[in-house]
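S.K.: My file is start.pdb. It has PDB, C-alpha atoms:
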ATOM      1  CA  MET D   1      -1.995 -28.304  -4.620
ATOM      2  CA  SER D   2      -4.574 -25.525  -4.606
ATOM      3  CA  SER D   3      -8.191 -26.453  -3.952
ATOM      4  CA  ARG D   4     -11.468 -24.664  -4.537
ATOM      5  CA  LEU D   5     -12.782 -22.837  -1.471
ATOM      6  CA  SER D   6     -16.479 -22.582  -0.740
ATOM      7  CA  GLY D   7     -16.033 -18.975   0.385
ATOM      8  CA  LEU D   8     -13.836 -16.470   2.151
ATOM      9  CA  HIS D   9     -15.333 -17.568   5.470
ATOM     10  CA  ALA D  10     -13.296 -20.775   5.242
ATOM     11  CA  VAL D  11      -9.990 -18.939   5.748
ATOM     12  CA  ALA D  12     -10.945 -15.483   7.077
ATOM     13  CA  ALA D  13     -10.082 -16.257  10.708
ATOM     14  CA  ASN D  14      -6.436 -16.776   9.699
ATOM     15  CA  TYR D  15      -5.982 -13.130   8.688
ATOM     16  CA  SER D  16      -6.035  -9.662  10.193
ATOM     17  CA  GLY D  17      -6.141  -7.710   6.941
ATOM     18  CA  LEU D  18      -6.960  -8.003   3.248
ATOM     19  CA  LEU D  19      -5.371  -6.488   0.153
ATOM     20  CA  SER D  20      -7.918  -6.963  -2.617
ATOM     21  CA  ASP D  21      -7.619  -6.276  -6.302
ATOM     22  CA  ILE D  22     -10.464  -4.176  -7.699
ATOM     23  CA  TRP D  23     -11.022  -4.817 -11.410
ATOM     24  CA  GLY D  24     -11.775  -8.511 -11.849
ATOM     25  CA  VAL D  25     -12.712  -9.022  -8.197
ATOM     26  CA  VAL D  26     -14.863  -6.125  -6.976
ATOM     27  CA  HIS D  27     -16.159  -5.116 -10.434
ATOM     28  CA  ASN D  28     -15.701  -5.881 -14.124
ATOM     29  CA  GLY D  29     -15.635  -2.289 -15.344
ATOM     30  CA  VAL D  30     -19.384  -2.242 -15.935
ATOM     31  CA  GLN D  31     -20.996  -3.400 -12.702
ATOM     32  CA  HIS D  32     -19.871  -4.390  -9.240
ATOM     33  CA  ASN D  33     -19.868  -7.943  -7.911
ATOM     34  CA  LYS D  34     -22.493  -7.909  -5.168
ATOM     35  CA  ALA D  35     -21.254 -11.121  -3.528
ATOM     36  CA  ALA D  36     -17.652  -9.835  -3.471
ATOM     37  CA  VAL D  37     -18.707  -6.566  -1.870
ATOM     38  CA  GLU D  38     -20.634  -8.472   0.775
ATOM     39  CA  ALA D  39     -17.630 -10.724   1.448
ATOM     40  CA  LEU D  40     -15.299  -7.763   1.920
ATOM     41  CA  SER D  41     -17.806  -6.048   4.217
ATOM     42  CA  LYS D  42     -18.157  -9.205   6.297
ATOM     43  CA  PHE D  43     -14.400  -9.598   6.646
ATOM     44  CA  ARG D  44     -13.967  -5.947   7.563
ATOM     45  CA  LYS D  45     -16.600  -6.148  10.310
ATOM     46  CA  GLU D  46     -15.374  -9.401  11.820
ATOM     47  CA  HIS D  47     -11.617  -9.628  11.174
ATOM     48  CA  GLY D  48      -9.784  -6.478  10.087
ATOM     49  CA  PRO D  49      -9.199  -3.714   7.527
ATOM     50  CA  VAL D  50      -9.635  -4.096   3.781
ATOM     51  CA  ILE D  51      -7.373  -2.150   1.435
ATOM     52  CA  LEU D  52      -8.253  -2.098  -2.252
ATOM     53  CA  ILE D  53      -5.076  -2.225  -4.329
ATOM     54  CA  THR D  54      -5.220  -1.545  -8.045
ATOM     55  CA  ASN D  55      -3.000  -1.023 -11.050
ATOM     56  CA  ALA D  56      -5.245   1.825 -12.195
ATOM     57  CA  PRO D  57      -2.928   4.542 -13.584
ATOM     58  CA  ARG D  58      -4.705   7.394 -11.812
ATOM     59  CA  PRO D  59      -4.525   8.774  -8.271
ATOM     60  CA  HIS D  60      -6.908   7.178  -5.797
ATOM     61  CA  GLY D  61      -9.376  10.111  -5.825
ATOM     62  CA  PRO D  62     -10.810   9.361  -9.281
ATOM     63  CA  ILE D  63     -10.913   5.641  -8.448
ATOM     64  CA  LEU D  64     -13.041   6.366  -5.383
ATOM     65  CA  LYS D  65     -15.470   8.229  -7.640
ATOM     66  CA  GLN D  66     -15.470   5.333 -10.104
ATOM     67  CA  LEU D  67     -16.265   2.875  -7.314
ATOM     68  CA  ASP D  68     -19.074   5.131  -6.116
ATOM     69  CA  GLY D  69     -20.431   5.253  -9.663
ATOM     70  CA  LEU D  70     -20.439   1.462  -9.877
ATOM     71  CA  GLY D  71     -22.352   1.233  -6.609
ATOM     72  CA  VAL D  72     -19.515  -0.146  -4.493
ATOM     73  CA  PRO D  73     -20.351   0.823  -0.886
ATOM     74  CA  ARG D  74     -17.574   2.540   1.018
ATOM     75  CA  ASP D  75     -18.199   0.397   4.072
ATOM     76  CA  CYS D  76     -16.634  -2.625   2.325
ATOM     77  CA  TYR D  77     -13.139  -1.109   2.332
ATOM     78  CA  ASP D  78     -10.950   1.242   4.355
ATOM     79  CA  ALA D  79      -8.792   2.817   1.639
ATOM     80  CA  VAL D  80      -7.643   2.557  -1.966
ATOM     81  CA  VAL D  81      -4.021   2.475  -3.126
ATOM     82  CA  THR D  82      -3.380   2.866  -6.855
ATOM     83  CA  SER D  83      -0.504   2.377  -9.226
ATOM     84  CA  GLY D  84      -1.131   5.996 -10.178
ATOM     85  CA  ASP D  85      -0.297   7.086  -6.625
ATOM     86  CA  ILE D  86       3.024   5.252  -6.834
ATOM     87  CA  SER D  87       3.699   6.522 -10.364
ATOM     88  CA  ARG D  88       3.616  10.081  -9.080
ATOM     89  CA  ASP D  89       6.378   9.201  -6.619
ATOM     90  CA  ALA D  90       8.416   7.621  -9.436
ATOM     91  CA  ILE D  91       8.052  10.711 -11.648
ATOM     92  CA  ILE D  92       9.281  12.930  -8.833
ATOM     93  CA  ALA D  93      12.173  10.568  -8.082
ATOM     94  CA  SER D  94      13.282  10.612 -11.734
ATOM     95  CA  GLY D  95      14.172  14.292 -11.504
ATOM     96  CA  LYS D  96      12.951  14.781 -15.082
ATOM     97  CA  SER D  97      10.603  17.620 -15.969
ATOM     98  CA  LYS D  98       9.795  17.062 -19.667
ATOM     99  CA  LEU D  99       7.430  14.119 -19.878
ATOM    100  CA  PHE D 100       5.863  12.383 -22.862
ATOM    101  CA  HIS D 101       2.487  10.863 -22.006
ATOM    102  CA  ILE D 102       1.195   7.717 -23.696
ATOM    103  CA  GLY D 103      -2.422   7.122 -22.837
ATOM    104  CA  PRO D 104      -5.899   8.649 -22.897
ATOM    105  CA  ASP D 105      -6.624  12.184 -21.712
ATOM    106  CA  ARG D 106      -8.701  10.826 -18.823
ATOM    107  CA  ASP D 107      -5.419   9.858 -17.144
ATOM    108  CA  LEU D 108      -3.944  13.369 -17.221
ATOM    109  CA  PRO D 109      -4.909  14.073 -13.570
ATOM    110  CA  LEU D 110      -1.968  11.789 -12.763
ATOM    111  CA  TYR D 111       0.394  14.719 -13.371
ATOM    112  CA  GLU D 112      -1.459  17.479 -11.550
ATOM    113  CA  GLY D 113       0.719  19.290  -9.044
ATOM    114  CA  LEU D 114       3.945  17.511 -10.046
ATOM    115  CA  GLY D 115       5.498  20.459 -11.869
ATOM    116  CA  VAL D 116       6.198  18.443 -15.016
ATOM    117  CA  GLU D 117       5.779  19.733 -18.564
ATOM    118  CA  LEU D 118       3.908  17.462 -20.965
ATOM    119  CA  VAL D 119       5.814  17.531 -24.263
ATOM    120  CA  GLU D 120       5.892  15.821 -27.653
ATOM    121  CA  GLU D 121       8.060  12.741 -28.068
ATOM    122  CA  GLU D 122      11.021  14.581 -29.621
ATOM    123  CA  ASP D 123      11.406  16.809 -26.544
ATOM    124  CA  ALA D 124      10.870  14.124 -23.918
ATOM    125  CA  GLU D 125      13.269  13.348 -21.089
ATOM    126  CA  ILE D 126      11.092  10.558 -19.711
ATOM    127  CA  ILE D 127       7.949   8.664 -20.723
ATOM    128  CA  CYS D 128       4.925   7.685 -18.672
ATOM    129  CA  CYS D 129       2.517   5.164 -20.136
ATOM    130  CA  THR D 130      -0.943   4.850 -18.615
ATOM    131  CA  GLY D 131      -2.517   2.785 -21.403
ATOM    132  CA  LEU D 132      -3.641   2.892 -25.002
ATOM    133  CA  LEU D 133      -5.286   6.012 -26.424
ATOM    134  CA  ASP D 134      -8.339   4.016 -27.474
ATOM    135  CA  ASP D 135      -8.313   0.637 -25.758
ATOM    136  CA  ALA D 136     -11.608  -0.302 -27.402
ATOM    137  CA  THR D 137     -10.069  -0.441 -30.883
ATOM    138  CA  GLU D 138      -6.273  -0.381 -30.587
ATOM    139  CA  THR D 139      -3.687  -3.098 -29.885
ATOM    140  CA  PRO D 140       0.036  -2.930 -29.029
ATOM    141  CA  ASP D 141       0.787  -3.373 -32.742
ATOM    142  CA  ASP D 142      -0.486   0.180 -33.301
ATOM    143  CA  TYR D 143       2.354   1.471 -31.109
ATOM    144  CA  ASP D 144       5.253  -0.477 -32.603
ATOM    145  CA  ASP D 145       6.930   2.373 -34.505
ATOM    146  CA  LEU D 146       6.534   4.829 -31.626
ATOM    147  CA  LEU D 147       7.924   2.406 -29.050
ATOM    148  CA  LYS D 148      10.889   1.521 -31.277
ATOM    149  CA  ARG D 149      11.780   5.204 -31.734
ATOM    150  CA  LEU D 150      11.543   5.948 -28.018
ATOM    151  CA  ALA D 151      13.528   2.853 -27.027
ATOM    152  CA  GLN D 152      16.312   3.788 -29.428
ATOM    153  CA  ARG D 153      16.682   7.148 -27.667
ATOM    154  CA  GLY D 154      17.466   5.449 -24.364
ATOM    155  CA  LEU D 155      14.554   7.005 -22.499
ATOM    156  CA  SER D 156      13.030   5.350 -19.434
ATOM    157  CA  LEU D 157       9.338   4.484 -19.467
ATOM    158  CA  ILE D 158       7.339   4.546 -16.242
ATOM    159  CA  CYS D 159       4.572   1.981 -16.627
ATOM    160  CA  ALA D 160       1.684   3.325 -14.569
ATOM    161  CA  ASN D 161      -0.368   0.146 -15.015
ATOM    162  CA  PRO D 162       1.574  -3.129 -15.319
ATOM    163  CA  ASP D 163      -1.601  -5.070 -16.213
ATOM    164  CA  ARG D 164      -1.397  -6.537 -19.704
ATOM    165  CA  VAL D 165      -5.144  -6.967 -20.170
ATOM    166  CA  VAL D 166      -8.349  -6.544 -18.187
ATOM    167  CA  GLU D 167     -11.836  -7.886 -18.768
ATOM    168  CA  LYS D 168     -14.480  -5.233 -19.308
ATOM    169  CA  GLY D 169     -18.031  -6.481 -19.486
ATOM    170  CA  GLY D 170     -16.958  -9.728 -21.125
ATOM    171  CA  THR D 171     -14.404  -8.167 -23.512
ATOM    172  CA  PHE D 172     -10.635  -8.170 -22.984
ATOM    173  CA  ILE D 173      -8.807  -4.872 -23.507
ATOM    174  CA  TYR D 174      -5.086  -4.106 -23.525
ATOM    175  CA  CYS D 175      -3.410  -2.078 -20.775
ATOM    176  CA  ALA D 176      -0.123  -0.212 -20.340
ATOM    177  CA  GLY D 177       1.741  -3.367 -19.313
ATOM    178  CA  ALA D 178       1.341  -4.738 -22.826
ATOM    179  CA  LEU D 179       3.032  -1.627 -24.259
ATOM    180  CA  ALA D 180       5.769  -1.765 -21.613
ATOM    181  CA  ASP D 181       6.542  -5.355 -22.612
ATOM    182  CA  ARG D 182       6.892  -4.271 -26.228
ATOM    183  CA  PHE D 183       9.071  -1.265 -25.267
ATOM    184  CA  GLU D 184      11.361  -3.479 -23.179
ATOM    185  CA  ALA D 185      11.640  -6.011 -26.009
ATOM    186  CA  TYR D 186      13.013  -3.196 -28.161
ATOM    187  CA  GLY D 187      15.715  -2.466 -25.594
ATOM    188  CA  GLY D 188      13.953   0.251 -23.614
ATOM    189  CA  ASP D 189      14.249   0.733 -19.852
ATOM    190  CA  VAL D 190      10.953   0.096 -18.036
ATOM    191  CA  ILE D 191      10.132   1.265 -14.516
ATOM    192  CA  LEU D 192       7.256  -0.786 -13.097
ATOM    193  CA  VAL D 193       5.564   0.678 -10.024
ATOM    194  CA  GLY D 194       2.336  -1.303  -9.651
ATOM    195  CA  LYS D 195       1.657  -4.957  -8.970
ATOM    196  CA  PRO D 196       3.687  -7.225  -8.912
ATOM    197  CA  CYS D 197       6.460  -4.819  -7.846
ATOM    198  CA  ALA D 198       7.364  -3.873  -4.291
ATOM    199  CA  PRO D 199       6.514  -0.121  -4.150
ATOM    200  CA  ILE D 200       2.732  -0.564  -4.316
ATOM    201  CA  TYR D 201       2.820  -3.278  -1.657
ATOM    202  CA  ASP D 202       4.939  -1.169   0.672
ATOM    203  CA  ALA D 203       2.396   1.634   0.345
ATOM    204  CA  SER D 204      -0.550  -0.743   0.765
ATOM    205  CA  LEU D 205       0.880  -2.360   3.895
ATOM    206  CA  ALA D 206       1.554   1.082   5.372
ATOM    207  CA  THR D 207      -2.065   2.030   4.631
ATOM    208  CA  LEU D 208      -3.246  -1.231   6.181
ATOM    209  CA  ALA D 209      -1.214  -0.531   9.324
ATOM    210  CA  LYS D 210      -2.769   2.940   9.572
ATOM    211  CA  ALA D 211      -6.275   1.504   9.274
ATOM    212  CA  SER D 212      -5.482  -1.209  11.803
ATOM    213  CA  GLY D 213      -3.786   1.092  14.304
ATOM    214  CA  SER D 214      -0.595  -0.984  14.274
ATOM    215  CA  GLU D 215       1.646  -2.862  11.864
ATOM    216  CA  VAL D 216       0.136  -6.098  10.534
ATOM    217  CA  ASP D 217       2.468  -9.066  10.079
ATOM    218  CA  ARG D 218       2.619 -10.210   6.440
ATOM    219  CA  SER D 219       1.686 -13.728   7.506
ATOM    220  CA  LYS D 220      -1.645 -12.278   8.626
ATOM    221  CA  VAL D 221      -2.373 -10.512   5.336
ATOM    222  CA  LEU D 222      -4.285 -12.159   2.486
ATOM    223  CA  LEU D 223      -4.064 -10.858  -1.063
ATOM    224  CA  ILE D 224      -7.030 -11.492  -3.371
ATOM    225  CA  GLY D 225      -6.757 -11.144  -7.139
ATOM    226  CA  ASP D 226      -7.564 -12.547 -10.568
ATOM    227  CA  SER D 227      -4.291 -11.851 -12.413
ATOM    228  CA  LEU D 228      -1.502 -14.407 -12.180
ATOM    229  CA  PRO D 229       1.278 -12.112 -13.542
ATOM    230  CA  THR D 230       0.391  -9.203 -11.239
ATOM    231  CA  ASP D 231      -1.778 -10.144  -8.232
ATOM    232  CA  ILE D 232      -0.641 -13.704  -7.545
ATOM    233  CA  ARG D 233       2.955 -13.114  -8.656
ATOM    234  CA  GLY D 234       3.063 -10.029  -6.440
ATOM    235  CA  ALA D 235       1.924 -12.018  -3.417
ATOM    236  CA  HIS D 236       4.626 -14.580  -4.219
ATOM    237  CA  TYR D 237       7.319 -11.887  -4.365
ATOM    238  CA  GLN D 238       6.073 -10.299  -1.135
ATOM    239  CA  LYS D 239       5.749 -13.629   0.695
ATOM    240  CA  MET D 240       2.049 -13.142   1.360
ATOM    241  CA  ASP D 241      -0.790 -15.635   1.057
ATOM    242  CA  ALA D 242      -2.946 -15.311  -2.037
ATOM    243  CA  LEU D 243      -6.489 -16.265  -3.000
ATOM    244  CA  PHE D 244      -6.938 -16.696  -6.745
ATOM    245  CA  ILE D 245     -10.185 -15.585  -8.407
ATOM    246  CA  THR D 246     -10.481 -17.651 -11.585
ATOM    247  CA  ALA D 247     -13.456 -15.957 -13.311
ATOM    248  CA  GLY D 248     -11.341 -12.935 -14.258
ATOM    249  CA  ILE D 249      -8.847 -12.445 -17.066
ATOM    250  CA  HIS D 250      -7.821 -16.128 -17.076
ATOM    251  CA  ALA D 251     -11.374 -17.514 -17.116
ATOM    252  CA  PRO D 252     -11.138 -18.947 -20.671
ATOM    253  CA  ASP D 253      -8.252 -21.183 -19.571
ATOM    254  CA  PHE D 254     -10.163 -23.145 -16.959
ATOM    255  CA  GLY D 255     -13.375 -24.401 -18.579
ATOM    256  CA  PRO D 256     -16.847 -23.283 -17.476
ATOM    257  CA  ILE D 257     -16.527 -19.899 -15.763
ATOM    258  CA  ASP D 258     -18.391 -20.855 -12.589
ATOM    259  CA  GLU D 259     -17.157 -24.451 -12.531
ATOM    260  CA  PRO D 260     -13.420 -24.200 -13.271
ATOM    261  CA  ASP D 261     -11.541 -27.440 -13.788
ATOM    262  CA  ASP D 262      -9.305 -28.086 -10.771
ATOM    263  CA  GLU D 263      -6.643 -29.817 -12.843
ATOM    264  CA  ARG D 264      -6.417 -26.922 -15.288
ATOM    265  CA  VAL D 265      -6.178 -24.369 -12.488
ATOM    266  CA  ASN D 266      -3.383 -26.238 -10.732
ATOM    267  CA  HIS D 267      -1.531 -26.878 -13.979
ATOM    268  CA  ARG D 268      -1.517 -23.145 -14.652
ATOM    269  CA  LEU D 269      -0.382 -22.323 -11.102
ATOM    270  CA  ASP D 270       2.471 -24.825 -11.472
ATOM    271  CA  HIS D 271       3.397 -23.321 -14.826
ATOM    272  CA  GLU D 272       3.497 -19.838 -13.289
ATOM    273  CA  ASP D 273       5.480 -21.217 -10.307
ATOM    274  CA  VAL D 274       3.219 -19.559  -7.738
ATOM    275  CA  GLU D 275       1.227 -20.891  -4.814
ATOM    276  CA  THR D 276      -2.166 -19.958  -3.397
ATOM    277  CA  ILE D 277      -4.153 -20.927  -0.323
ATOM    278  CA  GLY D 278      -6.983 -21.809  -2.685
ATOM    279  CA  TYR D 279      -9.147 -20.479  -5.449
ATOM    280  CA  MET D 280     -12.764 -19.659  -6.177
ATOM    281  CA  PRO D 281     -14.494 -18.532  -9.389
ATOM    282  CA  ARG D 282     -15.798 -15.304  -7.824
ATOM    283  CA  LEU D 283     -15.228 -13.825  -4.406
ATOM    284  CA  VAL D 284     -18.023 -14.837  -2.038
ATOM    285  CA  TRP D 285     -18.273 -15.034   1.738
TER     286      TRP D 285
END
As structure tokens, what does this structure read like?

M.R.:
Amino acid sequence: MSSRLSGLHAVAANYSGLLSDIWGVVHNGVQHNKAAVEALSKFRKEHGPVILITNAPRPHGPILKQLDGLGVPRDCYDAVVTSGDISRDAIIASGKSKLFHIGPDRDLPLYEGLGVELVEEEDAEIICCTGLLDDATETPDDYDDLLKRLAQRGLSLICANPDRVVEKGGTFIYCAGALADRFEAYGGDVILVGKPCAPIYDASLATLAKASGSEVDRSKVLLIGDSLPTDIRGAHYQKMDALFITAGIHAPDFGPIDEPDDERVNHRLDHEDVETIGYMPRLVW
């Protein structure tokens, strides 16, 4: 049974490194969580490296700029690993050069330097989905016809962000994972590269080892996140301990945001068939 922790300090001494989700833990897309930033800084100074791991469908460079813009100090983390970084590897590995992009133009830096040609759907050899064109107004229903057509052609879809939804300033918006689910339901082949799948964890652990100066045993790594299907499920797959932040995308399920109901939290964890070392509404030291 998972219990509410008073703060990261209660378990920090058990670990030599952290892999922390960004959106939903460090910030909500509008402003950063001051207490979370302080907790990460404290851990980094006293216990070991902190790697921020995100399903953002862009290379880590733009994410660093986004974090800077939200006032997240660079001394609270050592490096950032993104689903976009891993997506680039998957595009190269596919051997395909004609790519159909589903997502907003802001994600186009994902393809820079890869030597791929961005084409219309009828000329595509492979698809990469980074999200919805306008996630403020659209839903997966708006993509039904397109996804059906592409699935019927037998094309593979690289999902550059397996998140289904994220919370942005109190509003939930759909992500690429929601479109990938729909595409797969229509018989399409989906290639997931971010959380909860292995490639992003392999890269994150390698980055953690570099920051630490030596390989860190998985039993000494704690993963922090607010998404059960991606963060907590990923930790389960990778046999790593997880700390669940409840005031993220699942907040409505647990009662008052800052006073989540223990029974509801544990019922949901049992339903998802995952385990955690504990939970807290928001990351604090």

S.K.: List, as a list in words, every residue that the PyMOL selection byres ((chain D and resi 88) around 10) selects in the file provided.

M.R.: Pro57, Arg58, Pro59, Ser83, Gly84, Asp85, Ile86, Ser87, Asp89, Ala90, Ile91, Ile92, Ala93, Leu110, Tyr111, Glu112, Gly113, Leu114, Cys128, Ile158, Ala160 and Val193 of chain D

S.K.: Find the residue from D:His27, D:Arg106, D:Lys195, D:Arg164 that sits nearest to D:Thr54; use all atoms listed in the file when measuring.

M.R.: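 Checking each of D:His27, D:Arg106, D:Lys195, D:Arg164 against D:Thr54, counting all atoms listed in the file, the winner is D:Lys195.
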
S.K.: In Å, rounded to a single decimal, give me how far atom CA of D:Tyr174 is from atom CA of D:Pro256.

M.R.: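 So the two atoms, atom CA of D:Pro256 and atom CA of D:Tyr174, lie 23.3 Å apart.
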
S.K.: Please measure the separation of atom CA of D:Ile53 and atom CA of D:Leu155, giving the value in Å to one decimal.

M.R.: 28.3 Å

S.K.: Tell me which of D:Pro229, D:Gly177, D:Pro109, D:Gly61 sits closest to D:Pro140, counting only C-alpha atoms.

M.R.: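 The shortest atom-to-atom distance to D:Pro140 comes from D:Gly177.
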
S.K.: Considering only C-alpha atoms, can you say which of D:His47, D:Arg268, D:Arg4, D:Arg282 comes closest to D:Val221?

M.R.: D:His47

S.K.: Please provide the set of residues having any atom within 8 Å of D:Lys220, restricted to only C-alpha atoms, with same-chain residues fewer than 5 positions apart removed, written as a PyMOL selection string.

M.R.: chain D and resi 14-17

S.K.: With C-alpha atoms retained, could you export that selection as a PDB file, in the coordinates of the input?

M.R.:
ATOM      1  CA  ASN D  14      -6.436 -16.776   9.699  1.00  0.00           C
ATOM      2  CA  TYR D  15      -5.982 -13.130   8.688  1.00  0.00           C
ATOM      3  CA  SER D  16      -6.035  -9.662  10.193  1.00  0.00           C
ATOM      4  CA  GLY D  17      -6.141  -7.710   6.941  1.00  0.00           C
TER       5      GLY D  17
END

S.K.: (-16.5, -5.6, 10.7) in this file's frame - what residues fall within 12 Å of it? Use only C-alpha atoms and give the answer as a PDB file with C-alpha atoms, in the coordinates of the input.

M.R.:
ATOM      1  CA  ALA D  12     -10.945 -15.483   7.077  1.00  0.00           C
ATOM      2  CA  SER D  16      -6.035  -9.662  10.193  1.00  0.00           C
ATOM      3  CA  GLY D  17      -6.141  -7.710   6.941  1.00  0.00           C
ATOM      4  CA  GLU D  38     -20.634  -8.472   0.775  1.00  0.00           C
ATOM      5  CA  ALA D  39     -17.630 -10.724   1.448  1.00  0.00           C
ATOM      6  CA  LEU D  40     -15.299  -7.763   1.920  1.00  0.00           C
ATOM      7  CA  SER D  41     -17.806  -6.048   4.217  1.00  0.00           C
ATOM      8  CA  LYS D  42     -18.157  -9.205   6.297  1.00  0.00           C
ATOM      9  CA  PHE D  43     -14.400  -9.598   6.646  1.00  0.00           C
ATOM     10  CA  ARG D  44     -13.967  -5.947   7.563  1.00  0.00           C
ATOM     11  CA  LYS D  45     -16.600  -6.148  10.310  1.00  0.00           C
ATOM     12  CA  GLU D  46     -15.374  -9.401  11.820  1.00  0.00           C
ATOM     13  CA  HIS D  47     -11.617  -9.628  11.174  1.00  0.00           C
ATOM     14  CA  GLY D  48      -9.784  -6.478  10.087  1.00  0.00           C
ATOM     15  CA  PRO D  49      -9.199  -3.714   7.527  1.00  0.00           C
ATOM     16  CA  VAL D  50      -9.635  -4.096   3.781  1.00  0.00           C
ATOM     17  CA  ASP D  75     -18.199   0.397   4.072  1.00  0.00           C
ATOM     18  CA  CYS D  76     -16.634  -2.625   2.325  1.00  0.00           C
ATOM     19  CA  TYR D  77     -13.139  -1.109   2.332  1.00  0.00           C
ATOM     20  CA  ASP D  78     -10.950   1.242   4.355  1.00  0.00           C
ATOM     21  CA  SER D 212      -5.482  -1.209  11.803  1.00  0.00           C
TER      22      SER D 212
END

S.K.: Write out as a ChimeraX atom specification which residues come within 9 Å of D:Tyr143 when counting only C-alpha atoms, dropping same-chain ones fewer than 6 positions away.

M.R.: /D:132,179,182

S.K.: Next, dump the selected residues to file, keeping only C-alpha atoms, as a tab-separated table (two decimals), in the frame of the given file.

M.R.:
chain	number	residue	atom	x	y	z
D	132	LEU	CA	-3.64	2.89	-25.00
D	179	LEU	CA	3.03	-1.63	-24.26
D	182	ARG	CA	6.89	-4.27	-26.23

S.K.: Between atom CA of D:Ala124 and atom CA of D:Val190, what is the distance, to one decimal in Å?

M.R.: 15.2 Å

S.K.: From the set D:Asp258, D:Asp217, D:Glu263, D:Glu117, which residue has the shortest atom-to-atom contact distance to D:Met240, counting all atoms listed in the file?

M.R.: D:Asp217

S.K.: As a check of understanding, name the residues that the PyMOL selection byres ((chain D and resi 266) around 10) selects in the supplied structure, as a PyMOL selection string.

M.R.: chain D and resi 1-3+254+261-265+267-272+274-276+278-279

S.K.: Give me the result of the PyMOL selection byres ((chain D and resi 234) around 10) on this file, residue by residue, as a list of chain:residue names.

M.R.: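 For this structure, the PyMOL selection byres ((chain D and resi 234) around 10) resolves to D:Gly194, D:Lys195, D:Pro196, D:Cys197, D:Ala198, D:Ile200, D:Tyr201, D:Leu223, D:Gly225, D:Ser227, D:Leu228, D:Pro229, D:Thr230, D:Asp231, D:Ile232, D:Arg233, D:Ala235, D:His236, D:Tyr237, D:Gln238, D:Lys239, D:Met240, D:Ala242, D:Val274.
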
S.K.: Applying 8 Å and all atoms listed in the file, which residues near D:Ala247 remain after dropping the ones on its own chain fewer than 4 positions away? List them as a PyMOL selection string.

M.R.: chain D and resi 24+226+251+257-258+281-282
